[in-house]
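Down below is the structure, laid out as structure tokens.
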Amino acid sequence: MTVVGILHPGEMGAAVGAALRARGVTVLWASTGRSAATAERAQAAGLEDAGEVGEGCRRSEILLSICPPHAALEVARAASGLTGIYVDANAIAPDTARAVAKLQPRFVDGGIVGSPPSRPGTTRLYLSGFEAPQVAALFAGTNVDVRVIAAEPGAASALKAAYAGWTKGSAALLLTVRELARAEGVEDALLEEWQLSIPELEDRLPGAERSARRKGWRWIGEMEEIARSMAAQDLPAGFHQAAAEVFRRTAEEP
């Protein structure tokens, strides 16, 4: 049975680990330097503590990096002793994914779409890379729907950037235009107009506000990575640079 490591089990990583544990896979994590909240999540998911990152790398045949996007390169460097497959499943730009590939010779690019996999049909893990089919086979029969989309690294990250560029980018725009209306004293009139002409916006607004308050600190880096993705293809990067600022301000609110 394949031994899998996860660096580091946040809400998504712990849920992915739990999905593998339900299939009987041994899943490791490294507790050194991690918070009590991380330890609690790992224990609840049934993950085995390898102690140090180096020990987790030594024992793991497949290592999953599931962390905030700003830490992706740091985590890849910390796993430099790995001889198994390294899967970066973070929300990073394709160029960042290719930079990770230079650090990890057996590299598989990944992008997660959806919520933590508590039940089937909620979570898709897109993969690209030569050894992606081997990683996909690991998740057969779990709550994670894995789809291999290309043989070259970068494709999975590009898909995630394009997807989140709309979902989270448009949420930032929605929050910004409501703030403009509030500042100018026309918020009630705007909400009334939305009810008449675009009712789905008013329905979406509370969810956008809740998510931005709870997850905005992680989305800052993701928007910056999407801006890099756009700039690399000579597309306007300002949309998502502004979205990063929206989430930064939200994260700083009391």
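Chain labels follow the order of the structure tokens: the first chain is A, the next B, and so on; residue numbering restarts at 1 in every chain, and ligands are counted from 1 in their shown order.
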Wanna dump the region 133-183 of chain A-region 16-40 of chain A contacts at 12 Å for me, each residue with its shortest atom pair and the distance in Å to one decimal, counting only C-alpha atoms, ordered by chain and number, as a Markdown table?
| residue | atom | partner | partner_atom | distance |
| --- | --- | --- | --- | --- |
| A:Val135 | CA | A:Leu20 | CA | 11.6 |
| A:Ala136 | CA | A:Leu20 | CA | 11.8 |
| A:Ala137 | CA | A:Leu20 | CA | 11.4 |
| A:Leu138 | CA | A:Leu20 | CA | 8.0 |
| A:Phe139 | CA | A:Leu20 | CA | 6.8 |
| A:Ala140 | CA | A:Arg23 | CA | 8.8 |
| A:Gly141 | CA | A:Arg23 | CA | 7.6 |
| A:Thr142 | CA | A:Ala19 | CA | 5.8 |
| A:Asn143 | CA | A:Ala19 | CA | 6.1 |
| A:Val144 | CA | A:Ala19 | CA | 7.3 |
| A:Asp145 | CA | A:Ala19 | CA | 10.9 |
| A:Val146 | CA | A:Val16 | CA | 11.6 |
Of the residues A:Gly221, A:Pro69, A:Gly114, A:Pro94, which is the one nearest to Pro153 (chain A), using only C-alpha atoms?
A:Pro94
Near Val4 (chain A), within 6 Å and counting only C-alpha atoms, which residues show up once chain neighbours fewer than 4 positions away are dropped, as a PyMOL selection string?
chain A and resi 27+60+62-63
Write the residues of the selection above to a file with C-alpha atoms, as a short mmCIF file (atom, residue, chain, number, x, y, z; two decimals), in the first residue's frame.
data_model
loop_
_atom_site.label_atom_id
_atom_site.label_comp_id
_atom_site.auth_asym_id
_atom_site.auth_seq_id
_atom_site.Cartn_x
_atom_site.Cartn_y
_atom_site.Cartn_z
CA VAL A 27 -1.09 9.20 5.38
CA SER A 60 6.44 8.90 1.50
CA ILE A 62 3.77 10.37 -2.91
CA LEU A 63 3.91 13.75 -1.18
#
For Tyr163 (chain A), find every residue with an atom within 12 Å (counting only C-alpha atoms), except residues of its own chain fewer than 2 positions away, and show them as an mmCIF file with N, CA and C atoms, in the first residue's frame.
data_model
loop_
_atom_site.group_PDB
_atom_site.id
_atom_site.type_symbol
_atom_site.label_atom_id
_atom_site.label_comp_id
_atom_site.auth_asym_id
_atom_site.auth_seq_id
_atom_site.Cartn_x
_atom_site.Cartn_y
_atom_site.Cartn_z
ATOM 1 N N ALA A 91 -2.910 26.716 -5.336
ATOM 2 C CA ALA A 91 -3.445 27.681 -6.310
ATOM 3 C C ALA A 91 -2.330 28.612 -6.750
ATOM 4 N N GLY A 111 -4.399 21.086 -9.211
ATOM 5 C CA GLY A 111 -5.271 22.197 -8.871
ATOM 6 C C GLY A 111 -6.581 21.667 -8.325
ATOM 7 N N ILE A 112 -6.977 22.128 -7.144
ATOM 8 C CA ILE A 112 -8.201 21.648 -6.496
ATOM 9 C C ILE A 112 -9.319 22.644 -6.730
ATOM 10 N N VAL A 113 -10.453 22.139 -7.187
ATOM 11 C CA VAL A 113 -11.661 22.946 -7.373
ATOM 12 C C VAL A 113 -12.761 22.358 -6.501
ATOM 13 N N GLY A 114 -13.371 23.204 -5.690
ATOM 14 C CA GLY A 114 -14.470 22.739 -4.848
ATOM 15 C C GLY A 114 -14.135 22.858 -3.370
ATOM 16 N N TYR A 126 -7.527 18.338 -10.363
ATOM 17 C CA TYR A 126 -7.000 18.279 -11.722
ATOM 18 C C TYR A 126 -5.491 18.083 -11.647
ATOM 19 N N ALA A 156 -2.604 22.009 -15.036
ATOM 20 C CA ALA A 156 -3.556 21.962 -13.922
ATOM 21 C C ALA A 156 -3.601 23.300 -13.190
ATOM 22 N N SER A 157 -2.442 23.915 -13.005
ATOM 23 C CA SER A 157 -2.409 25.225 -12.350
ATOM 24 C C SER A 157 -3.078 26.285 -13.212
ATOM 25 N N ALA A 158 -2.912 26.184 -14.533
ATOM 26 C CA ALA A 158 -3.560 27.145 -15.429
ATOM 27 C C ALA A 158 -5.072 27.035 -15.339
ATOM 28 N N LEU A 159 -5.584 25.801 -15.275
ATOM 29 C CA LEU A 159 -7.028 25.612 -15.156
ATOM 30 C C LEU A 159 -7.548 26.188 -13.848
ATOM 31 N N LYS A 160 -6.838 25.927 -12.756
ATOM 32 C CA LYS A 160 -7.250 26.461 -11.459
ATOM 33 C C LYS A 160 -7.220 27.983 -11.467
ATOM 34 N N ALA A 161 -6.184 28.579 -12.082
ATOM 35 C CA ALA A 161 -6.089 30.034 -12.143
ATOM 36 C C ALA A 161 -7.245 30.629 -12.924
ATOM 37 N N GLY A 165 -9.962 32.696 -11.124
ATOM 38 C CA GLY A 165 -9.920 34.065 -11.621
ATOM 39 C C GLY A 165 -11.309 34.635 -11.787
ATOM 40 N N TRP A 166 -12.264 33.771 -12.144
ATOM 41 C CA TRP A 166 -13.653 34.218 -12.252
ATOM 42 C C TRP A 166 -14.370 34.140 -10.907
ATOM 43 N N THR A 167 -14.355 32.970 -10.247
ATOM 44 C CA THR A 167 -15.176 32.799 -9.048
ATOM 45 C C THR A 167 -14.781 33.768 -7.938
ATOM 46 N N LYS A 168 -13.497 33.836 -7.618
ATOM 47 C CA LYS A 168 -13.049 34.696 -6.529
ATOM 48 C C LYS A 168 -12.831 36.132 -7.011
ATOM 49 N N GLY A 169 -12.386 36.272 -8.267
ATOM 50 C CA GLY A 169 -12.223 37.614 -8.810
ATOM 51 C C GLY A 169 -13.542 38.361 -8.898
ATOM 52 N N SER A 170 -14.594 37.664 -9.342
ATOM 53 C CA SER A 170 -15.899 38.315 -9.431
ATOM 54 C C SER A 170 -16.483 38.586 -8.049
ATOM 55 N N GLU A 222 -3.430 33.931 -3.769
ATOM 56 C CA GLU A 222 -4.015 33.301 -4.949
ATOM 57 C C GLU A 222 -4.298 34.335 -6.041
ATOM 58 N N MET A 223 -4.822 35.495 -5.648
ATOM 59 C CA MET A 223 -5.077 36.543 -6.638
ATOM 60 C C MET A 223 -3.768 37.055 -7.241
ATOM 61 N N ILE A 226 -2.727 34.573 -9.803
ATOM 62 C CA ILE A 226 -3.543 34.706 -11.015
ATOM 63 C C ILE A 226 -3.095 35.916 -11.818
#
Thr176 (chain A) environment, 10 Å, only C-alpha atoms, sequence neighbours closer than 5 positions dropped, as a count of residues only:
7
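A straight line drawn from CA of Gly110 (chain A) to CA of Gly56 (chain A) is 20.0 Å long.
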